[in-house]
Structures are given as structure tokens and as C-alpha cells.
Amino acid sequence: MFSPRNDSDPLDGRFDHLDRSGRSVAAIMRRPIWPVLAMVIVTVVLAWWFLLSMAGAIAEIKGTARPLGPGMTLIARYLPVEPGSFAATIADLCLSADSGALLVNGGSLGVFVALTVMWLAMAAAMMLPTAAPMIRTYAEIADTAAARGEPVVHPLILTAGYLTVWVIAAVGFATVQTLISVLTGTDGASPVRGVVAGLVLLGAGAYQFTPLKDACLSKCRNPFTTLFARWQTRTVGVFKLGMEQGLWCLGCCWALMLIMLAVGSMNVIWMAALTVFTFVEKTGSGRVTSRIGGAIVALWGAALIWGAVI
């Protein structure tokens with residue numbers, strides 16, 4: 001028999017009507033701090049450790065952390081180095097992502113896959129923590145529906161749909177980086193410089209002021225409206241619902257992700273900083289955070305362009 005609910009809080013965080021694994025996921029999402037801690041644990045163990053290992057391998061191969069971008073020399077000695085590991089192999093391939101290697105017969109596919117894996121790890125490390133409130137909201141609605149005897153789909157299906165969008169986005173980011181590598185001759189870890197870096201930053205900063213950014217950010221901040229209005233009871237429907245939320249998130253954050261091209265795609269210091277900024281932006285209210293961040297990045301980009309042309 002289910003425990004009675006508190007009338008003052010029809011959700012009350014119990015999730016009694018979900019199955020055991022569903023309750024476990026929902027319980028993690030029940031407080032604002034728990035999604036952060038839970039997702040940080042997952043991403044640190046998986047995505048973040050992978051990215052740190054890649055950065056360590058690149059610093060080892062290059063003999064210095066300078067190619068990793070600004071600030072990385074401060075933590076270079078603490079980066080894990082695992083020769084022969086999967087992360088080291090991917091790092092080695094990413095370092096081959098220059099205009100010469102990309103034109104070698106058969107070499108381009110391996111390099112492109114490595115870049116895609118790198119961007120996917122970044123997406124998981126930086127974006128999944130910010131999706132925790134959305135997963136929590138879905139679990140709340142699902143538990144309430146289950147209490148009325150309605151069929152519900154596991155929250156992990158929603159999460160899978162969300163991550164699918166970022167898998168596709170990782171391919172897109174890898175494509176952009178490949179094109180930039182061909183044009184500039186930089187490898188897959190070093191930051192682009194000069195006018196190209198300035199244009200990337202100027203574009204990312206300017207996007208923070210656009211109506212599309214505001215619309216996507218509003219959807220990310222208020223997942224209940226979308227999830228409740230478009231509620232689904234079929235697995236395919238919930239998967240698509242997760243993809244829809246992923247698209248809103250991508251629309252909100254794609255430009256911020258591209259900043260990594262200017263600071264170094266393996267710059268874990270900037271990854272952490274952008275993760276915090278994105279979480280604050282999505283969980284806050286108003287436009288101040290977005291506008292300040294956009295102004296700083298745009299001015300930075302303009303300064304780089306000015307410095308390169310004069």
C-alpha cells in the first residue's frame with residue numbers, strides 16, 4: 001500500500017508510483033543541489049575524467065600545456081596521463097587534425113571520429129548537469145500520472161532523447177572544427193587565433209542578445225510547460241519529447257560551446273567555467289546573466305579582431 005501524500009504538496013518528492021530504478025533517478029533529481037551533485041559525479045567519473053586524461057595526454061605529447069589554451073599551465077602537472085589508453089589514442093588523433101593529416105588517404109575519418117568523441121564528451125560534461133531540473137520535472141509529472149493509474153515512461157527514455165540531440169550536435173561541432181583546421185592548419189586541441197578566434201567569440205557574444213537565444217533559454221528555464229502540455233505515454237513519444245528539450249538546450253548553448261574553439265577545445269578550466277555559467281544562466285531569471293556574458297565575450301572577440309588587423 002502506498003503512503004499517503006501531503007495535501008499541501010501533491011508531489012512531495014516521494015515518487016511512490018514509479019518502479020525501483022525510476023524512483024532512484026527521480027530521487028536524485030528531487031532537490032536543486034542533488035541534480036548538480038549527481039550529474040557532477042557521473043560526468044566527473046566518465047566525461048570529465050576522459051577529458052582530463054585527453055588533456056594530460058596532449059600535454060605529454062606536446063611536452064607543454066601551452067597548446068591547451070590559457071590557464072592550463074596552472075594545472076598541467078595534475079593532469080592524469082595514461083599512455084595507451086582510449087583517451088590517449090583519441091588525443092593523438094585530435095592532434096593530427098591539421099590541414100595535412102586531413103588530406104591523407106584514410107586518415108580523415110579517424111580524425112573526424114576522434115573530434116566527434118571529444119565534443120560528445122564535452123557535451124556530456126557541460127550540458128547534462130544543466131538538464132537535471134528538466135529530468136526532475138518529468139519525474140514529478142510521471143509520478144503524479146502513475147498515481148492516477150495512467151501509463152508512464154521511464155525518465156531515462158527522456159534523458160536518452162535529450163542526449164541524442166547532443167550526439168548529433170557533436171558531429172556538427174566536429175565538422176566546424178575540421179573546416180577550421182583545414183583553413184588555419186591548427187590541430188584539434190590548440191585554440192584558433194587571430195581573426196578566426198575573434199569572429200567565433202564575437203558571434204558567440206552577439207548570439208546572447210538575439211530573440212532566438214531568449215526563446216530557447218525561456219524553454220530551458222521552464223520545462224514544466226512543455227513537458228505537461230506535450231505529455232506522452234508512449235516510449236517513442238517520450239524519446240521525441242527528450243529530443244525536443246535537447247533542441248531547446250542546443251539552441252540556448254551552441255554558441256557558448258563554440259567558445260571552446262577560441263580557448264582550446266581541451267581547456268578543462270574553460271569547460272568548467274562555461275558549465276557553471278550555463279547552469280547559472282538556465283536556473284536564474286531575467287536576462288542580466290546572458291547579457292553580461294555576451295557583452296564580455298563579444299568585446300573580447302572584437303579586441304582580437306582589432307589586434308589582428310592593425
# chains A, B, ... in the order shown; residues from 1 in each chain; ligands from 1
$ residues_around --residues "Leu68 of chain A" --least-positions-apart "2" --cutoff "8 Å" --atoms "only C-alpha atoms" --output "PDB file with N, CA and C atoms, in the first residue's frame"
ATOM      1  N   ALA A  55      43.519  15.750 -22.041  1.00  0.00           N
ATOM      2  CA  ALA A  55      44.358  16.937 -21.860  1.00  0.00           C
ATOM      3  C   ALA A  55      45.742  16.541 -21.369  1.00  0.00           C
ATOM      4  N   ILE A  58      47.700  15.096 -24.267  1.00  0.00           N
ATOM      5  CA  ILE A  58      48.152  16.133 -25.202  1.00  0.00           C
ATOM      6  C   ILE A  58      49.339  16.896 -24.630  1.00  0.00           C
ATOM      7  N   ALA A  59      49.274  17.240 -23.339  1.00  0.00           N
ATOM      8  CA  ALA A  59      50.395  17.933 -22.705  1.00  0.00           C
ATOM      9  C   ALA A  59      51.655  17.067 -22.716  1.00  0.00           C
ATOM     10  N   ALA A  65      51.887  22.383 -21.688  1.00  0.00           N
ATOM     11  CA  ALA A  65      50.433  22.563 -21.653  1.00  0.00           C
ATOM     12  C   ALA A  65      49.994  23.807 -22.405  1.00  0.00           C
ATOM     13  N   ARG A  66      50.929  24.574 -22.934  1.00  0.00           N
ATOM     14  CA  ARG A  66      50.565  25.823 -23.606  1.00  0.00           C
ATOM     15  C   ARG A  66      49.612  25.632 -24.783  1.00  0.00           C
ATOM     16  N   PRO A  70      44.743  29.125 -22.632  1.00  0.00           N
ATOM     17  CA  PRO A  70      45.051  29.959 -21.460  1.00  0.00           C
ATOM     18  C   PRO A  70      44.650  29.292 -20.147  1.00  0.00           C
ATOM     19  N   MET A  72      45.898  26.636 -18.673  1.00  0.00           N
ATOM     20  CA  MET A  72      46.135  25.203 -18.500  1.00  0.00           C
ATOM     21  C   MET A  72      47.513  24.889 -17.915  1.00  0.00           C
ATOM     22  N   ALA A 189      43.389  20.388 -30.695  1.00  0.00           N
ATOM     23  CA  ALA A 189      43.440  20.763 -29.285  1.00  0.00           C
ATOM     24  C   ALA A 189      43.803  22.228 -29.085  1.00  0.00           C
ATOM     25  N   SER A 190      44.616  22.766 -29.976  1.00  0.00           N
ATOM     26  CA  SER A 190      45.082  24.137 -29.825  1.00  0.00           C
ATOM     27  C   SER A 190      43.985  25.132 -30.162  1.00  0.00           C
ATOM     28  N   PRO A 191      43.947  26.255 -29.464  1.00  0.00           N
ATOM     29  CA  PRO A 191      42.932  27.276 -29.780  1.00  0.00           C
ATOM     30  C   PRO A 191      43.227  27.957 -31.098  1.00  0.00           C
ATOM     31  N   VAL A 263      39.421  29.128 -27.036  1.00  0.00           N
ATOM     32  CA  VAL A 263      40.233  28.985 -25.821  1.00  0.00           C
ATOM     33  C   VAL A 263      40.941  27.641 -25.770  1.00  0.00           C
ATOM     34  N   GLY A 264      40.659  26.763 -26.724  1.00  0.00           N
ATOM     35  CA  GLY A 264      41.260  25.439 -26.745  1.00  0.00           C
ATOM     36  C   GLY A 264      40.225  24.388 -26.392  1.00  0.00           C
ATOM     37  N   SER A 265      39.945  23.482 -27.316  1.00  0.00           N
ATOM     38  CA  SER A 265      38.882  22.513 -27.088  1.00  0.00           C
ATOM     39  C   SER A 265      39.189  21.540 -25.962  1.00  0.00           C
ATOM     40  N   MET A 266      40.444  21.464 -25.529  1.00  0.00           N
ATOM     41  CA  MET A 266      40.805  20.613 -24.393  1.00  0.00           C
ATOM     42  C   MET A 266      41.148  21.438 -23.156  1.00  0.00           C
ATOM     43  N   ASN A 267      40.679  22.670 -23.127  1.00  0.00           N
ATOM     44  CA  ASN A 267      40.933  23.550 -21.989  1.00  0.00           C
ATOM     45  C   ASN A 267      39.880  23.278 -20.913  1.00  0.00           C
TER      46      ASN A 267
END
$ residues_around --residues "Tyr138 of chain A" --least-positions-apart "3" --cutoff "9 Å" --atoms "only C-alpha atoms" --output "NGL selection string"
:A and (26 or 133-135 or 141-143 or 155 or 158 or 223-224 or 227-228)
$ write_last_selection --atoms "N, CA and C atoms" --output "PDB file, in the first residue's frame"
ATOM      1  N   ALA A  26      14.497   9.604 -10.006  1.00  0.00           N
ATOM      2  CA  ALA A  26      13.689  10.733  -9.531  1.00  0.00           C
ATOM      3  C   ALA A  26      14.209  11.276  -8.205  1.00  0.00           C
ATOM      4  N   PRO A 133      17.275  19.670 -13.787  1.00  0.00           N
ATOM      5  CA  PRO A 133      15.946  20.175 -13.411  1.00  0.00           C
ATOM      6  C   PRO A 133      14.843  19.699 -14.360  1.00  0.00           C
ATOM      7  N   MET A 134      15.155  19.566 -15.637  1.00  0.00           N
ATOM      8  CA  MET A 134      14.176  19.084 -16.600  1.00  0.00           C
ATOM      9  C   MET A 134      13.812  17.621 -16.315  1.00  0.00           C
ATOM     10  N   ILE A 135      14.823  16.802 -15.999  1.00  0.00           N
ATOM     11  CA  ILE A 135      14.575  15.391 -15.689  1.00  0.00           C
ATOM     12  C   ILE A 135      13.754  15.277 -14.406  1.00  0.00           C
ATOM     13  N   ILE A 141       5.949  14.870 -12.878  1.00  0.00           N
ATOM     14  CA  ILE A 141       4.721  14.698 -13.644  1.00  0.00           C
ATOM     15  C   ILE A 141       4.406  13.207 -13.821  1.00  0.00           C
ATOM     16  N   ALA A 142       5.434  12.415 -14.098  1.00  0.00           N
ATOM     17  CA  ALA A 142       5.242  10.975 -14.295  1.00  0.00           C
ATOM     18  C   ALA A 142       4.718  10.310 -13.029  1.00  0.00           C
ATOM     19  N   ASP A 143       5.218  10.698 -11.882  1.00  0.00           N
ATOM     20  CA  ASP A 143       4.776  10.095 -10.629  1.00  0.00           C
ATOM     21  C   ASP A 143       3.318  10.456 -10.338  1.00  0.00           C
ATOM     22  N   PRO A 155      11.978   7.799 -16.898  1.00  0.00           N
ATOM     23  CA  PRO A 155      12.707   9.059 -17.123  1.00  0.00           C
ATOM     24  C   PRO A 155      13.973   8.893 -17.956  1.00  0.00           C
ATOM     25  N   LEU A 158      13.511   9.740 -21.616  1.00  0.00           N
ATOM     26  CA  LEU A 158      13.577  11.178 -21.855  1.00  0.00           C
ATOM     27  C   LEU A 158      15.032  11.633 -21.935  1.00  0.00           C
ATOM     28  N   PRO A 223      10.776  23.968 -18.087  1.00  0.00           N
ATOM     29  CA  PRO A 223      10.480  22.710 -18.782  1.00  0.00           C
ATOM     30  C   PRO A 223       9.071  22.189 -18.497  1.00  0.00           C
ATOM     31  N   PHE A 224       8.469  22.592 -17.358  1.00  0.00           N
ATOM     32  CA  PHE A 224       7.152  22.067 -16.988  1.00  0.00           C
ATOM     33  C   PHE A 224       6.111  22.371 -18.064  1.00  0.00           C
ATOM     34  N   LEU A 227       6.704  19.984 -21.041  1.00  0.00           N
ATOM     35  CA  LEU A 227       6.505  18.584 -20.669  1.00  0.00           C
ATOM     36  C   LEU A 227       5.043  18.286 -20.365  1.00  0.00           C
ATOM     37  N   PHE A 228       4.373  19.204 -19.678  1.00  0.00           N
ATOM     38  CA  PHE A 228       2.970  18.982 -19.312  1.00  0.00           C
ATOM     39  C   PHE A 228       2.057  19.121 -20.527  1.00  0.00           C
TER      40      PHE A 228
END
$ closest_atom_pairs --of "segment 102-195 of chain A" --to "segment 279-301 of chain A" --cutoff "9 Å" --atoms "only C-alpha atoms" --output "Markdown table"
| residue | atom | partner | partner_atom | distance |
| --- | --- | --- | --- | --- |
| A:Met126 | CA | A:Phe279 | CA | 8.9 |
| A:Met127 | CA | A:Phe279 | CA | 8.4 |
| A:Pro129 | CA | A:Phe279 | CA | 7.6 |
| A:Thr130 | CA | A:Phe279 | CA | 5.3 |
| A:Ala131 | CA | A:Phe279 | CA | 8.9 |
| A:Pro133 | CA | A:Thr283 | CA | 8.4 |
| A:Val195 | CA | A:Gly301 | CA | 8.4 |
$ select_by_dssp --residues "segment 222-299 of chain A" --states "helix (DSSP H, G or I)" --output "PyMOL selection string"
chain A and resi 223-229+235-263+268-283+288-299
$ write_last_selection --atoms "C-alpha atoms" --output "mmCIF file, in the first residue's frame"
data_model
loop_
_atom_site.group_PDB
_atom_site.id
_atom_site.type_symbol
_atom_site.label_atom_id
_atom_site.label_comp_id
_atom_site.auth_asym_id
_atom_site.auth_seq_id
_atom_site.Cartn_x
_atom_site.Cartn_y
_atom_site.Cartn_z
ATOM 1 C CA PRO A 223 10.480 22.710 -18.782
ATOM 2 C CA PHE A 224 7.152 22.067 -16.988
ATOM 3 C CA THR A 225 5.150 23.989 -19.600
ATOM 4 C CA THR A 226 6.498 21.919 -22.484
ATOM 5 C CA LEU A 227 6.505 18.584 -20.669
ATOM 6 C CA PHE A 228 2.970 18.982 -19.312
ATOM 7 C CA ALA A 229 1.436 20.414 -22.475
ATOM 8 C CA THR A 235 8.146 5.336 -25.364
ATOM 9 C CA VAL A 236 8.691 6.877 -28.803
ATOM 10 C CA GLY A 237 6.719 9.954 -27.770
ATOM 11 C CA VAL A 238 8.781 10.492 -24.613
ATOM 12 C CA PHE A 239 12.001 9.949 -26.567
ATOM 13 C CA LYS A 240 10.905 12.664 -29.002
ATOM 14 C CA LEU A 241 9.957 14.867 -26.066
ATOM 15 C CA GLY A 242 13.504 14.457 -24.747
ATOM 16 C CA MET A 243 14.859 15.362 -28.170
ATOM 17 C CA GLU A 244 12.677 18.468 -28.194
ATOM 18 C CA GLN A 245 14.110 19.555 -24.861
ATOM 19 C CA GLY A 246 17.568 18.780 -26.207
ATOM 20 C CA LEU A 247 16.927 21.043 -29.192
ATOM 21 C CA TRP A 248 15.914 23.908 -26.912
ATOM 22 C CA CYS A 249 19.097 23.337 -24.911
ATOM 23 C CA LEU A 250 21.199 23.230 -28.066
ATOM 24 C CA GLY A 251 19.576 26.436 -29.291
ATOM 25 C CA CYS A 252 20.452 28.031 -25.971
ATOM 26 C CA CYS A 253 24.051 26.842 -25.681
ATOM 27 C CA TRP A 254 25.577 26.054 -29.085
ATOM 28 C CA ALA A 255 27.313 29.426 -29.334
ATOM 29 C CA LEU A 256 28.746 29.084 -25.834
ATOM 30 C CA MET A 257 30.139 25.677 -26.798
ATOM 31 C CA LEU A 258 31.914 27.208 -29.788
ATOM 32 C CA ILE A 259 33.861 29.456 -27.413
ATOM 33 C CA MET A 260 35.934 26.345 -26.747
ATOM 34 C CA LEU A 261 37.419 26.724 -30.232
ATOM 35 C CA ALA A 262 38.911 30.064 -29.229
ATOM 36 C CA VAL A 263 40.233 28.985 -25.821
ATOM 37 C CA VAL A 268 39.210 21.961 -18.979
ATOM 38 C CA ILE A 269 39.426 25.206 -16.993
ATOM 39 C CA TRP A 270 37.212 26.955 -19.530
ATOM 40 C CA MET A 271 34.964 23.898 -19.744
ATOM 41 C CA ALA A 272 34.327 24.144 -16.010
ATOM 42 C CA ALA A 273 33.776 27.908 -16.196
ATOM 43 C CA LEU A 274 31.275 27.592 -19.053
ATOM 44 C CA THR A 275 29.488 24.752 -17.258
ATOM 45 C CA VAL A 276 28.977 26.959 -14.203
ATOM 46 C CA PHE A 277 27.893 29.904 -16.355
ATOM 47 C CA THR A 278 25.393 27.783 -18.286
ATOM 48 C CA PHE A 279 23.928 26.306 -15.099
ATOM 49 C CA VAL A 280 23.542 29.758 -13.532
ATOM 50 C CA GLU A 281 22.009 31.123 -16.728
ATOM 51 C CA LYS A 282 19.477 28.297 -17.027
ATOM 52 C CA THR A 283 18.445 28.236 -13.386
ATOM 53 C CA VAL A 288 21.253 40.018 -16.934
ATOM 54 C CA THR A 289 23.484 36.928 -16.859
ATOM 55 C CA SER A 290 23.126 36.316 -20.593
ATOM 56 C CA ARG A 291 23.694 39.960 -21.471
ATOM 57 C CA ILE A 292 26.769 40.396 -19.282
ATOM 58 C CA GLY A 293 28.307 37.181 -20.549
ATOM 59 C CA GLY A 294 27.519 38.096 -24.138
ATOM 60 C CA ALA A 295 28.982 41.582 -23.806
ATOM 61 C CA ILE A 296 32.228 40.272 -22.313
ATOM 62 C CA VAL A 297 32.677 37.611 -24.986
ATOM 63 C CA ALA A 298 31.751 39.969 -27.845
ATOM 64 C CA LEU A 299 34.171 42.652 -26.648
#
$ residues_around --residues "Ala121 of chain A" --least-positions-apart "3" --cutoff "8 Å" --atoms "only C-alpha atoms" --output "mmCIF file with N, CA and C atoms, in the first residue's frame"
data_model
loop_
_atom_site.group_PDB
_atom_site.id
_atom_site.type_symbol
_atom_site.label_atom_id
_atom_site.label_comp_id
_atom_site.auth_asym_id
_atom_site.auth_seq_id
_atom_site.Cartn_x
_atom_site.Cartn_y
_atom_site.Cartn_z
ATOM 1 N N ALA A 47 32.814 11.514 -18.279
ATOM 2 C CA ALA A 47 33.211 12.528 -19.251
ATOM 3 C C ALA A 47 34.384 13.378 -18.787
ATOM 4 N N TRP A 48 34.323 13.864 -17.527
ATOM 5 C CA TRP A 48 35.402 14.738 -17.069
ATOM 6 C C TRP A 48 36.727 14.005 -16.947
ATOM 7 N N PHE A 50 37.635 11.467 -18.673
ATOM 8 C CA PHE A 50 38.063 11.248 -20.047
ATOM 9 C C PHE A 50 38.708 12.506 -20.621
ATOM 10 N N LEU A 51 38.073 13.659 -20.392
ATOM 11 C CA LEU A 51 38.605 14.915 -20.916
ATOM 12 C C LEU A 51 39.924 15.295 -20.240
ATOM 13 N N VAL A 117 34.077 12.310 -30.807
ATOM 14 C CA VAL A 117 34.105 11.745 -29.455
ATOM 15 C C VAL A 117 34.472 12.819 -28.437
ATOM 16 N N MET A 118 35.431 13.658 -28.786
ATOM 17 C CA MET A 118 35.853 14.734 -27.889
ATOM 18 C C MET A 118 34.698 15.699 -27.618
ATOM 19 N N ALA A 124 28.480 16.043 -22.784
ATOM 20 C CA ALA A 124 28.007 15.312 -21.616
ATOM 21 C C ALA A 124 28.473 15.979 -20.325
ATOM 22 N N ALA A 125 29.725 16.437 -20.323
ATOM 23 C CA ALA A 125 30.279 17.047 -19.119
ATOM 24 C C ALA A 125 29.687 18.415 -18.826
#
$ closest_residue --among "A:Arg234, A:Val309, A:Met54, A:Ser218" --to "Glu150 of chain A" --atoms "only C-alpha atoms"
A:Arg234
$ atom_distance --atom1 "atom CA of Gly71 of chain A" --atom2 "atom CA of Val200 of chain A"
19.5 Å
$ residues_around --residues "Glu82 of chain A" --least-positions-apart "6" --cutoff "9 Å" --atoms "only C-alpha atoms" --output "mmCIF file with N, CA and C atoms, in the first residue's frame"
data_model
loop_
_atom_site.group_PDB
_atom_site.id
_atom_site.type_symbol
_atom_site.label_atom_id
_atom_site.label_comp_id
_atom_site.auth_asym_id
_atom_site.auth_seq_id
_atom_site.Cartn_x
_atom_site.Cartn_y
_atom_site.Cartn_z
ATOM 1 N N SER A 53 42.031 13.199 -18.984
ATOM 2 C CA SER A 53 43.025 12.255 -19.496
ATOM 3 C C SER A 53 43.480 12.655 -20.888
ATOM 4 N N MET A 54 42.553 13.128 -21.714
ATOM 5 C CA MET A 54 42.924 13.626 -23.036
ATOM 6 C C MET A 54 43.855 14.829 -22.931
ATOM 7 N N GLY A 56 45.794 15.585 -20.434
ATOM 8 C CA GLY A 56 47.085 15.118 -19.937
ATOM 9 C C GLY A 56 47.914 14.472 -21.034
ATOM 10 N N ALA A 57 47.245 13.690 -21.883
ATOM 11 C CA ALA A 57 47.958 13.037 -22.990
ATOM 12 C C ALA A 57 48.503 14.067 -23.978
ATOM 13 N N ALA A 88 44.065 8.615 -24.553
ATOM 14 C CA ALA A 88 45.337 8.991 -25.169
ATOM 15 C C ALA A 88 45.298 8.781 -26.678
#
$ closest_residue --among "A:Leu199, A:Ala147, A:Leu115, A:Leu128" --to "Gln177 of chain A" --atoms "only C-alpha atoms"
A:Leu115
$ atom_distance --atom1 "atom CA of Ala215 of chain A" --atom2 "atom CA of Ile157 of chain A"
24.9 Å
$ decode --residues "segment 114-140 of chain A" --atoms "N, CA and C atoms" --output "short mmCIF file (atom, residue, chain, number, x, y, z; two decimals), in the first residue's frame"
data_model
loop_
_atom_site.label_atom_id
_atom_site.label_comp_id
_atom_site.auth_asym_id
_atom_site.auth_seq_id
_atom_site.Cartn_x
_atom_site.Cartn_y
_atom_site.Cartn_z
N ALA A 114 37.49 10.99 -33.88
CA ALA A 114 38.12 11.41 -32.63
C ALA A 114 37.60 12.77 -32.18
N LEU A 115 37.47 13.70 -33.11
CA LEU A 115 36.94 15.02 -32.77
C LEU A 115 35.49 14.92 -32.31
N THR A 116 34.72 14.04 -32.94
CA THR A 116 33.33 13.85 -32.53
C THR A 116 33.24 13.30 -31.12
N VAL A 117 34.08 12.31 -30.81
CA VAL A 117 34.10 11.75 -29.46
C VAL A 117 34.47 12.82 -28.44
N MET A 118 35.43 13.66 -28.79
CA MET A 118 35.85 14.73 -27.89
C MET A 118 34.70 15.70 -27.62
N TRP A 119 33.98 16.11 -28.66
CA TRP A 119 32.87 17.04 -28.49
C TRP A 119 31.71 16.40 -27.75
N LEU A 120 31.50 15.11 -27.98
CA LEU A 120 30.43 14.42 -27.26
C LEU A 120 30.75 14.37 -25.77
N ALA A 121 32.00 14.11 -25.42
CA ALA A 121 32.40 14.11 -24.01
C ALA A 121 32.20 15.49 -23.40
N MET A 122 32.54 16.52 -24.16
CA MET A 122 32.34 17.89 -23.66
C MET A 122 30.86 18.19 -23.45
N ALA A 123 30.04 17.75 -24.38
CA ALA A 123 28.60 17.99 -24.25
C ALA A 123 28.04 17.29 -23.02
N ALA A 124 28.48 16.04 -22.78
CA ALA A 124 28.01 15.31 -21.62
C ALA A 124 28.47 15.98 -20.32
N ALA A 125 29.72 16.44 -20.32
CA ALA A 125 30.28 17.05 -19.12
C ALA A 125 29.69 18.42 -18.83
N MET A 126 29.40 19.19 -19.87
CA MET A 126 28.97 20.57 -19.68
C MET A 126 27.46 20.75 -19.69
N MET A 127 26.75 19.95 -20.47
CA MET A 127 25.32 20.18 -20.66
C MET A 127 24.42 19.27 -19.81
N LEU A 128 24.84 18.03 -19.58
CA LEU A 128 23.98 17.11 -18.83
C LEU A 128 23.65 17.61 -17.43
N PRO A 129 24.61 18.23 -16.70
CA PRO A 129 24.23 18.76 -15.38
C PRO A 129 23.11 19.79 -15.44
N THR A 130 23.08 20.58 -16.52
CA THR A 130 22.04 21.61 -16.62
C THR A 130 20.68 21.03 -16.99
N ALA A 131 20.66 19.75 -17.41
CA ALA A 131 19.39 19.10 -17.76
C ALA A 131 18.70 18.48 -16.56
N ALA A 132 19.39 18.43 -15.42
CA ALA A 132 18.83 17.77 -14.24
C ALA A 132 17.48 18.33 -13.81
N PRO A 133 17.27 19.67 -13.79
CA PRO A 133 15.95 20.18 -13.41
C PRO A 133 14.84 19.70 -14.36
N MET A 134 15.15 19.57 -15.64
CA MET A 134 14.18 19.08 -16.60
C MET A 134 13.81 17.62 -16.32
N ILE A 135 14.82 16.80 -16.00
CA ILE A 135 14.58 15.39 -15.69
C ILE A 135 13.75 15.28 -14.41
N ARG A 136 14.06 16.12 -13.45
CA ARG A 136 13.31 16.15 -12.19
C ARG A 136 11.84 16.51 -12.44
N THR A 137 11.61 17.50 -13.29
CA THR A 137 10.26 17.92 -13.60
C THR A 137 9.47 16.79 -14.25
N TYR A 138 10.10 16.10 -15.19
CA TYR A 138 9.43 14.98 -15.84
C TYR A 138 9.08 13.89 -14.82
N ALA A 139 10.01 13.61 -13.90
CA ALA A 139 9.76 12.58 -12.89
C ALA A 139 8.58 12.96 -12.01
N GLU A 140 8.44 14.24 -11.70
CA GLU A 140 7.31 14.72 -10.89
C GLU A 140 5.99 14.48 -11.60
#
